[in-house]
Structure formats: structure tokens, C-alpha cells
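What's in coords17.txt: compact mmCIF, C-alpha atoms
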```txt
# COMPACT_ATOMS: atom_id res chain seq x y z
CA MET X 55 67.71 136.11 102.84
CA ALA X 56 70.30 133.37 102.90
CA LYS X 57 69.04 129.93 103.84
CA ALA X 58 70.71 128.34 106.84
CA VAL X 59 73.04 125.55 105.72
CA GLU X 60 71.99 122.16 107.05
CA THR X 61 74.79 120.29 108.76
CA GLN X 62 75.02 116.65 109.76
CA ASN X 63 74.37 115.53 113.30
CA LEU X 64 76.41 112.49 114.31
CA GLU X 65 75.43 110.47 117.37
CA ALA X 66 77.90 109.65 120.12
CA VAL X 67 79.04 106.03 120.40
CA LYS X 68 78.37 104.69 123.87
CA SER X 69 80.18 101.35 123.85
CA ILE X 70 82.45 99.22 121.69
CA ARG X 71 79.38 97.28 120.50
CA ARG X 72 77.87 100.44 119.01
CA VAL X 73 80.94 101.27 116.93
CA PRO X 74 79.82 101.11 113.27
CA GLN X 75 80.89 97.91 111.50
CA GLU X 76 81.26 99.62 108.12
CA GLU X 77 84.79 100.40 106.99
CA TYR X 78 85.60 103.44 104.89
CA TYR X 79 89.38 103.15 105.03
CA LEU X 80 89.57 99.75 103.40
CA PRO X 81 92.15 96.96 103.70
CA GLY X 82 94.79 97.07 100.97
CA HIS X 83 97.31 99.85 101.54
CA ARG X 84 101.08 100.06 101.79
CA THR X 85 101.47 101.35 105.34
CA CYS X 86 103.91 99.46 107.59
CA GLN X 87 102.90 96.59 109.85
CA GLY X 88 101.22 97.94 112.98
CA CYS X 89 101.00 101.50 111.64
CA GLY X 90 99.56 103.93 114.21
CA PRO X 91 98.52 106.62 111.71
CA ALA X 92 96.69 103.98 109.61
CA LEU X 93 94.79 102.96 112.73
CA THR X 94 93.96 106.63 113.34
CA TYR X 95 92.73 106.98 109.75
CA LYS X 96 90.55 103.90 110.09
CA LEU X 97 88.91 105.12 113.31
CA VAL X 98 88.44 108.70 112.08
CA SER X 99 86.81 107.60 108.82
CA LYS X 100 84.57 105.21 110.77
CA ALA X 101 83.47 108.14 112.91
CA ALA X 102 82.96 110.60 110.06
CA GLY X 103 80.92 108.21 107.93
CA PRO X 104 80.35 108.01 104.16
CA ASP X 105 79.18 111.60 103.57
CA SER X 106 82.63 113.11 104.05
CA ILE X 107 85.45 114.61 102.08
CA PHE X 108 88.97 113.90 103.30
CA LEU X 109 92.04 115.91 102.43
CA GLY X 110 95.53 114.54 102.76
CA PRO X 111 98.49 116.90 102.83
CA THR X 112 101.75 115.25 101.89
CA GLY X 113 102.91 112.89 104.60
CA CYS X 114 102.93 109.23 105.47
CA MET X 115 99.23 108.74 104.89
CA TYR X 116 99.50 110.23 101.41
CA VAL X 117 102.71 108.56 100.27
CA ALA X 118 101.99 105.09 101.63
CA ASN X 119 98.38 104.92 100.42
CA THR X 120 98.18 106.49 96.99
CA SER X 121 100.09 104.49 94.48
CA TYR X 122 98.12 105.21 91.32
CA LEU X 123 94.83 103.31 90.87
CA CYS X 124 94.93 101.77 94.32
CA SER X 125 93.83 104.27 96.92
CA PRO X 126 92.03 102.57 99.81
CA TRP X 127 89.40 105.25 100.52
CA ALA X 128 85.68 104.62 100.04
CA TYR X 129 84.90 108.37 100.14
CA PRO X 130 86.20 111.31 98.09
CA TRP X 131 89.80 111.98 98.97
CA MET X 132 92.14 114.62 97.62
CA HIS X 133 95.83 115.25 97.95
CA THR X 134 96.98 118.76 98.82
CA GLN X 135 100.46 120.16 99.08
CA ILE X 136 102.02 119.89 102.53
CA THR X 137 101.83 123.70 102.87
CA ASN X 138 98.24 124.37 101.85
CA ALA X 139 95.88 121.81 103.39
CA GLY X 140 94.04 124.53 105.32
CA ALA X 141 93.62 126.72 102.26
CA VAL X 142 92.24 123.89 100.09
CA ALA X 143 89.82 122.84 102.84
CA SER X 144 88.61 126.46 103.18
CA GLY X 145 87.96 126.59 99.43
CA ILE X 146 85.97 123.35 99.39
CA GLU X 147 83.88 124.45 102.37
CA ALA X 148 83.20 127.90 100.89
CA ALA X 149 82.21 126.35 97.54
CA TYR X 150 79.72 124.03 99.24
CA GLN X 151 78.25 126.94 101.21
CA VAL X 152 77.64 128.86 97.97
CA LEU X 153 76.21 125.82 96.13
CA ILE X 154 73.80 125.12 98.97
CA ARG X 155 72.79 128.80 99.24
CA LYS X 156 72.01 128.98 95.53
CA GLY X 157 70.11 125.69 95.64
CA LYS X 158 72.49 123.92 93.24
CA TYR X 159 73.47 121.26 95.76
CA LYS X 160 70.67 119.44 97.56
CA GLY X 161 71.67 117.84 100.80
CA LYS X 162 73.56 118.54 103.95
CA LEU X 163 77.02 120.02 104.14
CA PRO X 164 79.52 117.12 103.94
CA ASN X 165 82.01 116.58 106.75
CA ILE X 166 85.26 118.11 105.55
CA VAL X 167 88.19 116.56 107.36
CA VAL X 168 91.88 117.38 106.93
CA MET X 169 94.22 114.58 107.99
CA GLY X 170 97.50 116.41 108.41
CA GLY X 171 100.63 114.94 109.87
CA ASP X 172 102.66 116.86 112.42
CA GLY X 173 104.65 118.54 109.62
CA GLY X 174 101.58 119.40 107.57
CA SER X 175 99.86 120.90 110.61
CA ILE X 176 102.22 122.77 112.88
CA ASP X 177 105.44 123.03 110.91
CA ILE X 178 105.25 123.51 107.13
CA GLY X 179 101.45 123.73 106.99
CA LEU X 180 101.08 126.08 109.95
CA GLN X 181 100.20 129.25 108.04
CA ALA X 182 97.39 127.61 106.02
CA MET X 183 95.99 125.89 109.11
CA SER X 184 96.11 129.11 111.10
CA GLY X 185 94.36 130.93 108.24
CA LEU X 186 91.57 128.34 108.22
CA MET X 187 91.09 128.67 111.98
CA TYR X 188 91.10 132.46 111.75
CA ARG X 189 88.49 132.65 108.95
CA GLY X 190 86.21 130.21 110.76
CA HIS X 191 85.38 127.64 108.08
CA ASP X 192 83.37 124.58 109.11
CA VAL X 193 86.26 122.14 108.84
CA LEU X 194 87.76 119.56 111.18
CA PHE X 195 91.56 119.68 111.19
CA ILE X 196 93.15 116.51 112.52
CA MET X 197 96.81 116.28 113.32
CA TYR X 198 97.90 112.64 113.55
CA ASP X 199 101.10 112.86 115.48
CA ASN X 200 103.80 110.29 114.76
CA GLU X 201 106.40 112.73 116.05
CA SER X 202 108.57 112.87 112.91
CA TYR X 203 108.61 113.32 109.14
CA ALA X 204 108.24 109.58 108.67
CA ASN X 205 107.57 109.29 104.94
CA THR X 206 111.01 110.61 103.99
CA GLY X 207 112.83 108.44 106.51
CA ILE X 208 112.28 109.75 110.06
CA GLN X 209 113.49 113.35 110.14
CA THR X 210 112.97 115.57 113.15
CA SER X 211 109.83 117.75 113.31
CA PRO X 212 108.62 120.25 115.95
CA ALA X 213 106.56 117.45 117.51
CA THR X 214 109.55 115.15 118.08
CA PRO X 215 110.24 114.78 121.79
CA TYR X 216 113.49 115.74 123.46
CA GLY X 217 116.25 113.17 123.13
CA ALA X 218 114.87 111.27 120.15
CA ASN X 219 117.24 109.75 117.64
CA THR X 220 116.21 110.76 114.11
CA THR X 221 118.19 111.02 110.88
CA PHE X 222 118.51 114.80 111.41
CA THR X 223 119.43 114.47 115.09
CA PRO X 224 121.72 111.46 115.43
CA PRO X 225 123.39 111.18 118.84
CA GLY X 226 127.17 111.54 118.75
CA GLU X 227 130.14 112.85 120.70
CA ALA X 228 129.26 116.54 120.35
CA ILE X 229 125.51 116.17 121.06
CA PRO X 230 125.04 112.98 123.09
CA GLU X 231 121.27 113.37 123.56
CA GLY X 232 120.23 113.55 119.89
CA LYS X 233 117.44 116.09 119.73
CA VAL X 234 118.13 119.03 122.05
CA LEU X 235 114.91 121.03 121.63
CA PHE X 236 111.59 120.44 123.38
CA PRO X 237 108.47 119.98 121.22
CA LYS X 238 105.75 122.49 120.33
CA ASP X 239 102.40 122.22 122.09
CA ALA X 240 99.98 122.00 119.15
CA PRO X 241 96.55 122.24 120.87
CA GLN X 242 97.67 125.20 123.01
CA LEU X 243 98.89 126.90 119.83
CA VAL X 244 95.37 126.64 118.36
CA ILE X 245 93.54 127.49 121.59
CA GLY X 246 95.71 130.49 122.31
CA GLY X 247 95.53 132.28 119.00
CA HIS X 248 92.24 131.52 117.28
CA PRO X 249 89.03 133.00 118.72
CA ALA X 250 86.83 131.35 116.04
CA VAL X 251 87.70 127.86 117.35
CA HIS X 252 85.30 126.39 119.92
CA TYR X 253 86.47 122.81 120.19
CA VAL X 254 89.99 121.45 120.55
CA ALA X 255 90.82 117.99 121.86
CA THR X 256 93.62 115.49 122.12
CA ALA X 257 93.02 111.76 121.65
CA SER X 258 95.01 108.56 121.48
CA VAL X 259 94.69 105.36 119.44
CA ALA X 260 94.79 103.45 122.73
CA TYR X 261 91.21 104.60 123.50
CA PRO X 262 89.31 104.19 120.21
CA VAL X 263 85.76 104.81 121.47
CA ASP X 264 86.89 108.07 123.06
CA LEU X 265 88.61 108.99 119.77
CA ILE X 266 85.47 108.28 117.71
CA ASN X 267 83.32 110.35 120.07
CA LYS X 268 85.74 113.28 119.94
CA VAL X 269 85.74 113.22 116.12
CA ARG X 270 81.93 113.20 116.05
CA LYS X 271 81.69 115.99 118.63
CA ALA X 272 84.17 118.09 116.65
CA LEU X 273 82.24 117.53 113.41
CA ASN X 274 78.96 118.55 115.07
CA TYR X 275 80.43 121.89 116.14
CA LYS X 276 79.89 124.68 113.64
CA GLY X 277 83.11 126.37 112.72
CA PRO X 278 86.66 125.04 112.78
CA SER X 279 87.82 122.48 115.30
CA PHE X 280 91.17 120.86 115.94
CA LEU X 281 92.08 117.36 117.06
CA HIS X 282 95.53 116.18 118.05
CA ILE X 283 95.85 112.38 117.89
CA HIS X 284 98.77 110.39 119.25
CA SER X 285 99.70 107.68 116.70
CA PRO X 286 102.81 105.62 117.52
CA CYS X 287 105.03 104.76 114.55
CA PRO X 288 106.80 101.36 114.94
CA LYS X 289 109.41 102.13 112.30
CA GLY X 290 110.29 105.66 113.38
CA TRP X 291 110.22 105.06 117.13
CA MET X 292 111.82 101.66 116.69
CA PHE X 293 109.66 99.22 118.63
CA ASP X 294 107.95 95.96 117.76
CA ALA X 295 104.93 96.32 115.42
CA ALA X 296 102.67 94.42 117.83
CA LYS X 297 103.17 97.04 120.57
CA THR X 298 101.59 100.10 118.88
CA VAL X 299 98.59 100.24 121.22
CA GLU X 300 100.66 99.24 124.25
CA VAL X 301 103.07 102.15 123.68
CA ALA X 302 100.16 104.58 123.21
CA LYS X 303 98.67 103.41 126.52
CA LEU X 304 102.01 103.73 128.29
CA ALA X 305 102.34 107.30 127.02
CA ILE X 306 99.14 108.22 128.86
CA GLU X 307 100.18 106.34 132.00
CA THR X 308 103.52 108.16 132.18
CA GLY X 309 102.21 111.65 131.36
CA MET X 310 103.96 111.88 127.99
CA TRP X 311 100.49 112.30 126.52
CA VAL X 312 97.42 113.89 128.15
CA ASN X 313 93.91 113.29 126.78
CA TYR X 314 91.76 116.37 127.21
CA GLU X 315 88.94 118.32 125.64
CA TRP X 316 88.66 122.09 125.44
CA GLU X 317 85.16 123.38 124.81
CA LYS X 318 84.63 127.16 124.70
CA GLY X 319 87.19 127.72 127.44
CA GLU X 320 86.39 124.73 129.64
CA TYR X 321 88.88 121.89 130.09
CA THR X 322 87.84 118.30 130.82
CA TYR X 323 90.37 115.51 131.25
CA GLN X 324 90.06 111.83 130.36
CA HIS X 325 92.04 108.74 131.31
CA THR X 326 94.08 110.54 133.96
CA PRO X 327 95.97 107.92 136.01
CA LYS X 328 95.87 108.18 139.78
CA GLU X 329 99.62 108.06 139.88
CA TYR X 330 101.95 108.69 136.98
CA LYS X 331 104.59 106.09 136.15
CA PRO X 332 108.15 107.35 135.68
CA VAL X 333 108.86 108.49 132.11
CA LYS X 334 111.76 106.02 131.96
CA GLU X 335 109.29 103.14 131.57
CA TYR X 336 107.94 104.71 128.40
CA MET X 337 111.36 105.58 127.04
CA LYS X 338 112.86 102.13 127.45
CA THR X 339 110.20 100.59 125.18
CA GLN X 340 111.62 102.51 122.21
CA GLN X 341 115.01 102.25 120.56
CA ARG X 342 115.03 105.95 119.61
CA PHE X 343 115.69 106.79 123.28
CA ALA X 344 118.22 103.97 123.80
CA HIS X 345 121.27 106.27 123.83
CA LEU X 346 120.02 108.53 126.65
CA THR X 347 121.80 108.59 129.99
CA ASP X 348 120.10 109.05 133.39
CA ALA X 349 120.83 112.80 133.36
CA HIS X 350 118.94 113.20 130.08
CA ILE X 351 115.99 111.17 131.33
CA ALA X 352 115.86 113.32 134.48
CA LYS X 353 115.68 116.41 132.26
CA MET X 354 112.79 114.85 130.34
CA GLN X 355 111.04 113.92 133.60
CA ALA X 356 111.38 117.50 134.86
CA PHE X 357 109.86 118.79 131.61
CA ILE X 358 106.90 116.39 131.87
CA ASP X 359 106.32 117.22 135.55
CA ALA X 360 106.38 120.94 134.81
CA ARG X 361 103.93 120.49 131.93
CA LEU X 362 101.50 118.48 134.04
CA LYS X 363 101.60 121.02 136.88
CA ALA X 364 101.63 124.17 134.75
CA PRO X 365 98.98 126.80 135.49
CA GLY X 366 96.38 127.01 132.71
CA ILE X 367 96.54 123.30 132.05
CA PRO X 368 94.54 122.00 135.00
CA VAL X 369 94.51 118.28 135.71
CA ALA X 370 91.40 116.64 137.15
CA LEU X 371 93.21 114.48 139.68
CA PRO X 372 96.10 115.65 141.84
CA VAL X 373 99.42 114.88 140.19
CA LEU X 374 101.55 112.91 142.57
CA GLY X 375 104.63 112.83 140.40
CA PRO X 376 106.75 109.80 139.67
CA ARG X 377 107.00 106.98 142.15
CA GLU X 378 110.22 106.72 144.06
CA GLU X 379 112.02 103.48 143.39
CA MET D 97 95.33 111.85 79.29
CA SER D 98 92.09 112.23 77.38
CA LYS D 99 90.85 109.82 74.72
CA LYS D 100 91.60 112.30 71.97
CA TYR D 101 95.16 112.68 73.17
CA CYS D 102 95.61 108.92 73.32
CA GLU D 103 94.41 108.51 69.75
CA LYS D 104 96.63 111.31 68.51
CA PHE D 105 99.81 109.98 70.08
CA LYS D 106 98.91 106.27 69.79
CA ILE D 107 99.08 105.59 73.51
CA PRO D 108 98.06 102.00 74.42
CA LYS D 109 94.62 101.58 75.92
CA HIS D 110 95.73 100.40 79.36
CA LEU D 111 97.56 103.68 79.91
CA GLU D 112 94.44 105.80 79.30
CA VAL D 113 93.61 107.98 82.27
CA PRO D 114 90.35 109.88 82.81
CA MET D 115 90.30 113.67 82.92
CA GLY D 116 91.68 115.02 86.19
CA ALA D 117 93.03 111.55 87.00
CA VAL D 118 89.89 110.81 89.02
CA ILE D 119 89.77 107.12 89.86
CA PRO D 120 86.88 105.01 91.20
CA ALA D 121 86.85 104.30 94.92
CA PRO D 122 87.00 100.68 96.10
CA VAL D 123 83.86 99.30 97.78
CA LYS D 124 84.86 96.60 100.27
CA GLU D 125 88.52 95.83 99.69
CA ASN D 126 91.24 97.35 97.59
CA ARG D 127 92.13 94.36 95.40
CA ASN D 128 94.90 96.31 93.66
CA MET D 129 97.16 96.12 96.70
CA ILE D 130 97.19 92.65 98.24
CA THR D 131 99.29 92.78 101.41
CA GLY D 132 98.75 89.24 102.69
CA ASN D 133 102.18 88.07 101.49
CA TRP D 134 103.93 90.47 103.88
CA ARG D 135 103.37 88.42 106.99
CA THR D 136 105.53 85.75 108.54
CA GLU D 137 103.13 84.85 111.35
CA ARG D 138 99.35 84.80 111.33
CA PRO D 139 96.90 85.12 114.25
CA VAL D 140 94.82 81.96 114.73
CA ILE D 141 91.59 82.32 116.69
CA ASP D 142 90.11 79.86 119.18
CA HIS D 143 86.37 80.49 118.76
CA GLU D 144 85.53 78.64 121.99
CA ALA D 145 87.56 81.05 124.12
CA CYS D 146 86.60 84.22 122.21
CA THR D 147 84.37 86.56 124.23
CA LEU D 148 83.55 88.86 121.27
CA CYS D 149 85.04 91.88 123.05
CA LEU D 150 85.83 93.38 119.58
CA ASN D 151 89.28 94.58 120.60
CA CYS D 152 90.84 92.98 117.50
CA PHE D 153 88.23 94.65 115.28
CA LEU D 154 88.96 98.07 116.77
CA PHE D 155 92.74 97.90 116.97
CA CYS D 156 93.54 96.36 113.55
CA PRO D 157 95.12 99.08 111.35
CA ASP D 158 94.25 97.10 108.21
CA ALA D 159 90.61 96.42 109.11
CA CYS D 160 91.14 92.68 108.80
CA TRP D 161 88.85 91.56 111.62
CA HIS D 162 85.08 91.90 111.53
CA LEU D 163 82.14 90.44 113.40
CA ASP D 164 79.89 87.98 111.59
CA GLU D 165 76.62 88.86 113.31
CA LYS D 166 74.70 85.78 112.10
CA GLU D 167 77.24 83.23 113.30
CA GLU D 168 78.40 85.35 116.26
CA ARG D 169 82.10 84.91 115.58
CA MET D 170 85.04 87.00 114.44
CA VAL D 171 86.14 86.63 110.80
CA TRP D 172 89.75 87.19 109.71
CA ASN D 173 90.78 88.53 106.30
CA ALA D 174 93.71 86.42 105.04
CA ASP D 175 94.33 88.44 101.88
CA PHE D 176 95.22 91.69 103.62
CA CYS D 177 96.51 90.86 107.13
CA LYS D 178 100.10 92.11 107.33
CA GLY D 179 100.86 90.08 110.44
CA CYS D 180 101.60 92.94 112.84
CA LEU D 181 100.00 90.87 115.68
CA ILE D 182 98.49 93.88 117.50
CA CYS D 183 95.35 91.73 117.87
CA VAL D 184 97.32 88.98 119.65
CA ASN D 185 98.84 91.55 121.99
CA GLU D 186 95.53 93.26 122.80
CA CYS D 187 93.29 90.18 123.17
CA PRO D 188 92.10 90.10 126.83
CA ALA D 189 90.84 86.49 126.57
CA ASP D 190 94.12 85.14 125.12
CA CYS D 191 92.23 83.31 122.38
CA LEU D 192 94.60 84.40 119.61
CA THR D 193 97.94 82.67 119.00
CA PRO D 194 100.59 83.58 116.44
CA VAL D 195 101.42 80.64 114.17
CA ASN D 196 104.24 80.61 111.65
CA GLU D 197 103.06 81.01 108.08
CA LEU D 198 105.01 77.94 106.91
CA GLU D 199 102.76 75.71 109.05
CA PHE D 200 99.92 76.28 106.59
CA LYS D 201 99.55 74.56 103.23
CA GLY D 202 98.42 77.67 101.40
CA GLY D 203 100.80 79.91 103.32
CA VAL D 204 100.88 83.10 101.33
CA VAL D 205 104.60 83.70 101.84
CA ARG D 206 105.31 80.98 99.26
CA LEU D 207 105.12 82.99 96.08
CA GLU D 208 105.25 81.12 92.75
CA LYS D 209 107.40 83.78 91.19
CA PRO D 210 110.16 85.62 93.03
CA PHE D 211 109.72 89.40 93.12
```
What is this file in C-alpha cells?
Amino acid sequence: MAKAVETQNLEAVKSIRRVPQEEYYLPGHRTCQGCGPALTYKLVSKAAGPDSIFLGPTGCMYVANTSYLCSPWAYPWMHTQITNAGAVASGIEAAYQVLIRKGKYKGKLPNIVVMGGDGGSIDIGLQAMSGLMYRGHDVLFIMYDNESYANTGIQTSPATPYGANTTFTPPGEAIPEGKVLFPKDAPQLVIGGHPAVHYVATASVAYPVDLINKVRKALNYKGPSFLHIHSPCPKGWMFDAAKTVEVAKLAIETGMWVNYEWEKGEYTYQHTPKEYKPVKEYMKTQQRFAHLTDAHIAKMQAFIDARLKAPGIPVALPVLGPREE
Amino acid sequence: MSKKYCEKFKIPKHLEVPMGAVIPAPVKENRNMITGNWRTERPVIDHEACTLCLNCFLFCPDACWHLDEKEERMVWNADFCKGCLICVNECPADCLTPVNELEFKGGVVRLEKPF
């Protein structure tokens, strides 16, 4: 008879004062000033604690951190190809299950966390991630979303919003709005197609205690879970490095980003504003939207309104739409 | 590169790499990548006005602020702060001010050797 594998139980953090002081993503890395994904990494590793294994598919957080002999992680970390983060994580988890079953590894199952970028999760790495979710390994898959392939110089990805100026979608005479397509909805992609998943959530660096609690909740769930974290990128989105958290907050206030949890079919919403600000306020903080005309912004606003009112994505408070100026 | 391989091909000792290229993890700071000379402005704290809300500690991407629990004050890490000034922007008590690096005697932007 197989012995039940012991898993870790992480407590929820109730206030800022209770956030652990220990750092596991240490100072001394080459990320840009005011890097949103680095802030995400710091908070996630704080939440997961020392008994964790992190996997980094190719992306900003691999390229900017791992010049040889100076990786800033205080826990085991491993680089995977951008395509196969899910497959490597499945292998590590399965190996630990066998070692624990045979009594060769004493201790609890470590927290296995994949820190994929938007490309490594829902574009190039989609098949491996989907395979992990389908097979039901006990892994937390985190998608830190900086809305572009930033490590190669800001190319467009399926998470890039409509109208953004990237090196693959420069605005010009033929296509004045830059990016023409609307982005993929990552959490709905996971919720819709993977019956083994019981916990999916979105979080933002603007609300760190909420982010830490969601990571801990996801790690406590047995089986795969998915977290989508909004991490503004000062270089790619072209705003001042000091405004990373401000931009993330504004995204929630305008409806560009919605913080919610999905637990076994039940939605709960966090940080829903009573009244959404017009999307224009968010867009004018960033240079990547500077070329857009009013017609383009109206198209974006219509997309956001439709997404907030769509059936199947209930919102806790009534959505009043943008204020009339 | 294993030791045997290094001896065979006379590779200098500082280029020896352990099997699998596994490297030790840093404990408190990663001294191999000092980023303090990136900044042009540094946040200066007024301890009298500080309310210990810990916003700077939470929002710093480089983990350069931490709480000294004995002295009840925030401590700043000069060696690694990149000067993004998120802490100045997010401080609710307005006790942080950005000051130009050239105002300080040991301002880290003054490198002895050019790059």
C-alpha cells in the first residue's frame, strides 16, 4: 500500500506586519530599475519559503538573473527551455513522489513552482503547460505577465494588449494602431480545458499581501494550480521606473486587469472598484500607447467593457462603466 | 569541466567548473553582482517621520529595505539599490526624498576606473 505523500501547509498572511522578513530572491541581479517581474519573483519566493524548487523557462527572469556564478536565488533553481517548463516540472514532481514512496527521501514534498513568462506559458510553452495541467501533477504554474517578449527587446506576444507599440508591431501609415489583435485570456484558457485544476487566480504586484496569500493557497492545493500575475515592465511599456506599482494599481482601477480567484468552479473577486475609470487614464501613462487616436481608444474601451460584463465572468459589484467627462 | 579534464588539457584553475555546472546559492546577498553604481539618485529616509508601514520593504524589487526589529527603523542597502525610487513614490508618510548621488562623498557613481 502506497504511503500518502506529506505536503507542506503554508499559513495565510493576515497583514503587512506578518509578511516574512526573510528574502529568498536576494539583492544582486541584473534586472532593470523598477522591474515588475523581479518584484513578482521576490514576493512569490517569500511566500513559497526555503523548501521550494523553482524552475525558470527562458525569459526575462532567466536572462537577466543568471550570468554564470551569480544567480540570486537562495533555493534550488533550474533553467528549462522556453517550450518545456511544464514537462520538466512534471518530471521533478513525479521523481519526488517515487522517492518518498520508496522511503529514499525523508521529508515533505517540496513546493515546485514554475515561473514562466507570458511566452513560456501561453505561447511557446503552452503545450507543456497544458500537459502538466492535464496529468495533474502537484505543481504551481505562475505566469508573470509583462505583456511582451521583453528579454529579446520587446516583441509582441499573445498577452500584449491591443494597440501596443512593440518592435514587431510598430505603428505606421498602413497600420496606425500598432498591434491589431486582442490578447488571449490565460486563466480562462486553463479553467476551460483542464478538469484536474482546482485553483486558478489572478494577482497584481500592486497588492502584495493578496499575492502572497494566493501563492500560499495555490501551493496548499493538491494537484496543479495556475496563477496569472500582472507585472508592469518600465522598459517595454515605456514609463518611469518609479511608477511600476502605480501603473499596476491604475490597471485595476480602469478594468484593464481584474483580480479574481477561481476555486472548484466558484469565482470570488478582489479589489473591484466601485466605479471604473476610463481606460484612457491608464493608456496615457505609457509611451507604448502614445500613437493611438481617440477611435482606437474607444475600441479598447469597448473591449474592456464587454470583458467586464461578459456572462461567465461575474463581477461582485455592478459595473457602472466609464465616467462621462 | 571536471578536474581530470582540466588536468588533461591544462585549463587554469579559475576556469574549473563542477560537474553539471551546479553552483552554490548565495545566503544573504549576491556579492558577485553589485548594482549600487547604477543609480543616479538615492532615497534618503527621515526616521522621525517614518511610520514603519513597510511599504518600501514590500515594493522594492531588489529587496534593499528591511526592518531592524531591535532599533525599530528601516535599513537601506546601499550596495544594491538601483535607484528606481519606487519606495519614494509609494511612501504614504512622505518620509523618503530622492537626493542626487553627487551630493554624497562616497557616492557610488564615481568609479575609480572607467568601464
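The spacing separating CA of Ala117 in chain D from CA of Gly110 in chain X amounts to 16.2 Å.
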Using all atoms listed in the file, I'd like every residue of chain X that has an atom within 10 Å of chain D; please write them out as number ranges by chain.
X: 70-71, 73, 75-97, 119, 121-132, 259-263, 294-300
What's around Ala218 in chain X at 6 Å? Count all atoms listed in the file, leave out sequence neighbours fewer than 3 positions away in its own chain, and write the answer as a PDB file with C-alpha atoms, in the coordinates of the input.
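Output (result08.pdb):
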```pdb
ATOM      1  CA  GLY X 232     120.230 113.550 119.890  1.00  0.00           C
ATOM      2  CA  LYS X 233     117.440 116.090 119.730  1.00  0.00           C
ATOM      3  CA  ARG X 342     115.030 105.950 119.610  1.00  0.00           C
ATOM      4  CA  PHE X 343     115.690 106.790 123.280  1.00  0.00           C
TER       5      PHE X 343
END
```
What's the 12 Å shell around Val67 in chain X, counting all atoms listed in the file, without same-chain residues fewer than 4 positions away, as a VMD selection string?
chain X and resid 71 to 74 100 to 102 262 to 271
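For the pair CA of Ile154 in chain X and CA of Met183 in chain X, the interatomic distance is 24.4 Å.
Computed from the coordinates, the CA of Gly217 in chain X to CA of Glu315 in chain X distance equals 27.9 Å.
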Just the residues within 7 Å of Val140 in chain D, please, counting all atoms listed in the file, with nothing from its chain fewer than 4 positions along; format it as a PDB file with C-alpha atoms, keeping the file's coordinate frame.
```
ATOM      1  CA  LEU D 192      94.600  84.400 119.610  1.00  0.00           C
ATOM      2  CA  THR D 193      97.940  82.670 119.000  1.00  0.00           C
ATOM      3  CA  PRO D 194     100.590  83.580 116.440  1.00  0.00           C
ATOM      4  CA  VAL D 195     101.420  80.640 114.170  1.00  0.00           C
TER       5      VAL D 195
END
```
Residue nearest Ala174 in chain D - candidates D:Cys152, D:Asn196, D:Ala145, D:Pro139, atoms counted: only C-alpha atoms:
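Closest to Ala174 in chain D of all the choices is D:Pro139.
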Range 235-247 of chain X surroundings by only C-alpha atoms, 8 Å radius, close-in-sequence under 3 positions cut, as a PyMOL selection string
chain X and resi 176+184+187+212-216+251+254-256+280-282
Pick from X:Tyr150, X:Tyr321, X:Tyr314, X:Trp291: nearest to Ile208 in chain X, with only C-alpha atoms counted?
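Counting only C-alpha atoms, the residue closest to Ile208 in chain X is X:Trp291.
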Between X:Ile178, X:Ser144, X:Val59, X:Glu329, which has the minimum distance to Lys156 in chain X (counting all atoms listed in the file)?
X:Val59
Give me the residues within 12 Å of Ile166 in chain X as a PDB file with C-alpha atoms, in the coordinates of the input, counting all atoms listed in the file and dropping any in the same chain fewer than 2 places off.
```
ATOM      1  CA  THR X  61      74.790 120.290 108.760  1.00  0.00           C
ATOM      2  CA  GLN X  62      75.020 116.650 109.760  1.00  0.00           C
ATOM      3  CA  VAL X  98      88.440 108.700 112.080  1.00  0.00           C
ATOM      4  CA  SER X  99      86.810 107.600 108.820  1.00  0.00           C
ATOM      5  CA  ALA X 102      82.960 110.600 110.060  1.00  0.00           C
ATOM      6  CA  GLY X 103      80.920 108.210 107.930  1.00  0.00           C
ATOM      7  CA  PRO X 104      80.350 108.010 104.160  1.00  0.00           C
ATOM      8  CA  ASP X 105      79.180 111.600 103.570  1.00  0.00           C
ATOM      9  CA  SER X 106      82.630 113.110 104.050  1.00  0.00           C
ATOM     10  CA  ILE X 107      85.450 114.610 102.080  1.00  0.00           C
ATOM     11  CA  PHE X 108      88.970 113.900 103.300  1.00  0.00           C
ATOM     12  CA  LEU X 109      92.040 115.910 102.430  1.00  0.00           C
ATOM     13  CA  GLY X 110      95.530 114.540 102.760  1.00  0.00           C
ATOM     14  CA  TYR X 129      84.900 108.370 100.140  1.00  0.00           C
ATOM     15  CA  PRO X 130      86.200 111.310  98.090  1.00  0.00           C
ATOM     16  CA  TRP X 131      89.800 111.980  98.970  1.00  0.00           C
ATOM     17  CA  MET X 132      92.140 114.620  97.620  1.00  0.00           C
ATOM     18  CA  ALA X 139      95.880 121.810 103.390  1.00  0.00           C
ATOM     19  CA  GLY X 140      94.040 124.530 105.320  1.00  0.00           C
ATOM     20  CA  VAL X 142      92.240 123.890 100.090  1.00  0.00           C
ATOM     21  CA  ALA X 143      89.820 122.840 102.840  1.00  0.00           C
ATOM     22  CA  SER X 144      88.610 126.460 103.180  1.00  0.00           C
ATOM     23  CA  GLY X 145      87.960 126.590  99.430  1.00  0.00           C
ATOM     24  CA  ILE X 146      85.970 123.350  99.390  1.00  0.00           C
ATOM     25  CA  GLU X 147      83.880 124.450 102.370  1.00  0.00           C
ATOM     26  CA  ALA X 148      83.200 127.900 100.890  1.00  0.00           C
ATOM     27  CA  ALA X 149      82.210 126.350  97.540  1.00  0.00           C
ATOM     28  CA  TYR X 150      79.720 124.030  99.240  1.00  0.00           C
ATOM     29  CA  LYS X 162      73.560 118.540 103.950  1.00  0.00           C
ATOM     30  CA  LEU X 163      77.020 120.020 104.140  1.00  0.00           C
ATOM     31  CA  PRO X 164      79.520 117.120 103.940  1.00  0.00           C
ATOM     32  CA  VAL X 168      91.880 117.380 106.930  1.00  0.00           C
ATOM     33  CA  MET X 169      94.220 114.580 107.990  1.00  0.00           C
ATOM     34  CA  HIS X 191      85.380 127.640 108.080  1.00  0.00           C
ATOM     35  CA  ASP X 192      83.370 124.580 109.110  1.00  0.00           C
ATOM     36  CA  VAL X 193      86.260 122.140 108.840  1.00  0.00           C
ATOM     37  CA  LEU X 194      87.760 119.560 111.180  1.00  0.00           C
ATOM     38  CA  PHE X 195      91.560 119.680 111.190  1.00  0.00           C
ATOM     39  CA  ILE X 196      93.150 116.510 112.520  1.00  0.00           C
ATOM     40  CA  VAL X 269      85.740 113.220 116.120  1.00  0.00           C
ATOM     41  CA  ALA X 272      84.170 118.090 116.650  1.00  0.00           C
ATOM     42  CA  LEU X 273      82.240 117.530 113.410  1.00  0.00           C
ATOM     43  CA  ASN X 274      78.960 118.550 115.070  1.00  0.00           C
ATOM     44  CA  LYS X 276      79.890 124.680 113.640  1.00  0.00           C
ATOM     45  CA  GLY X 277      83.110 126.370 112.720  1.00  0.00           C
ATOM     46  CA  PRO X 278      86.660 125.040 112.780  1.00  0.00           C
ATOM     47  CA  SER X 279      87.820 122.480 115.300  1.00  0.00           C
TER      48      SER X 279
END
```
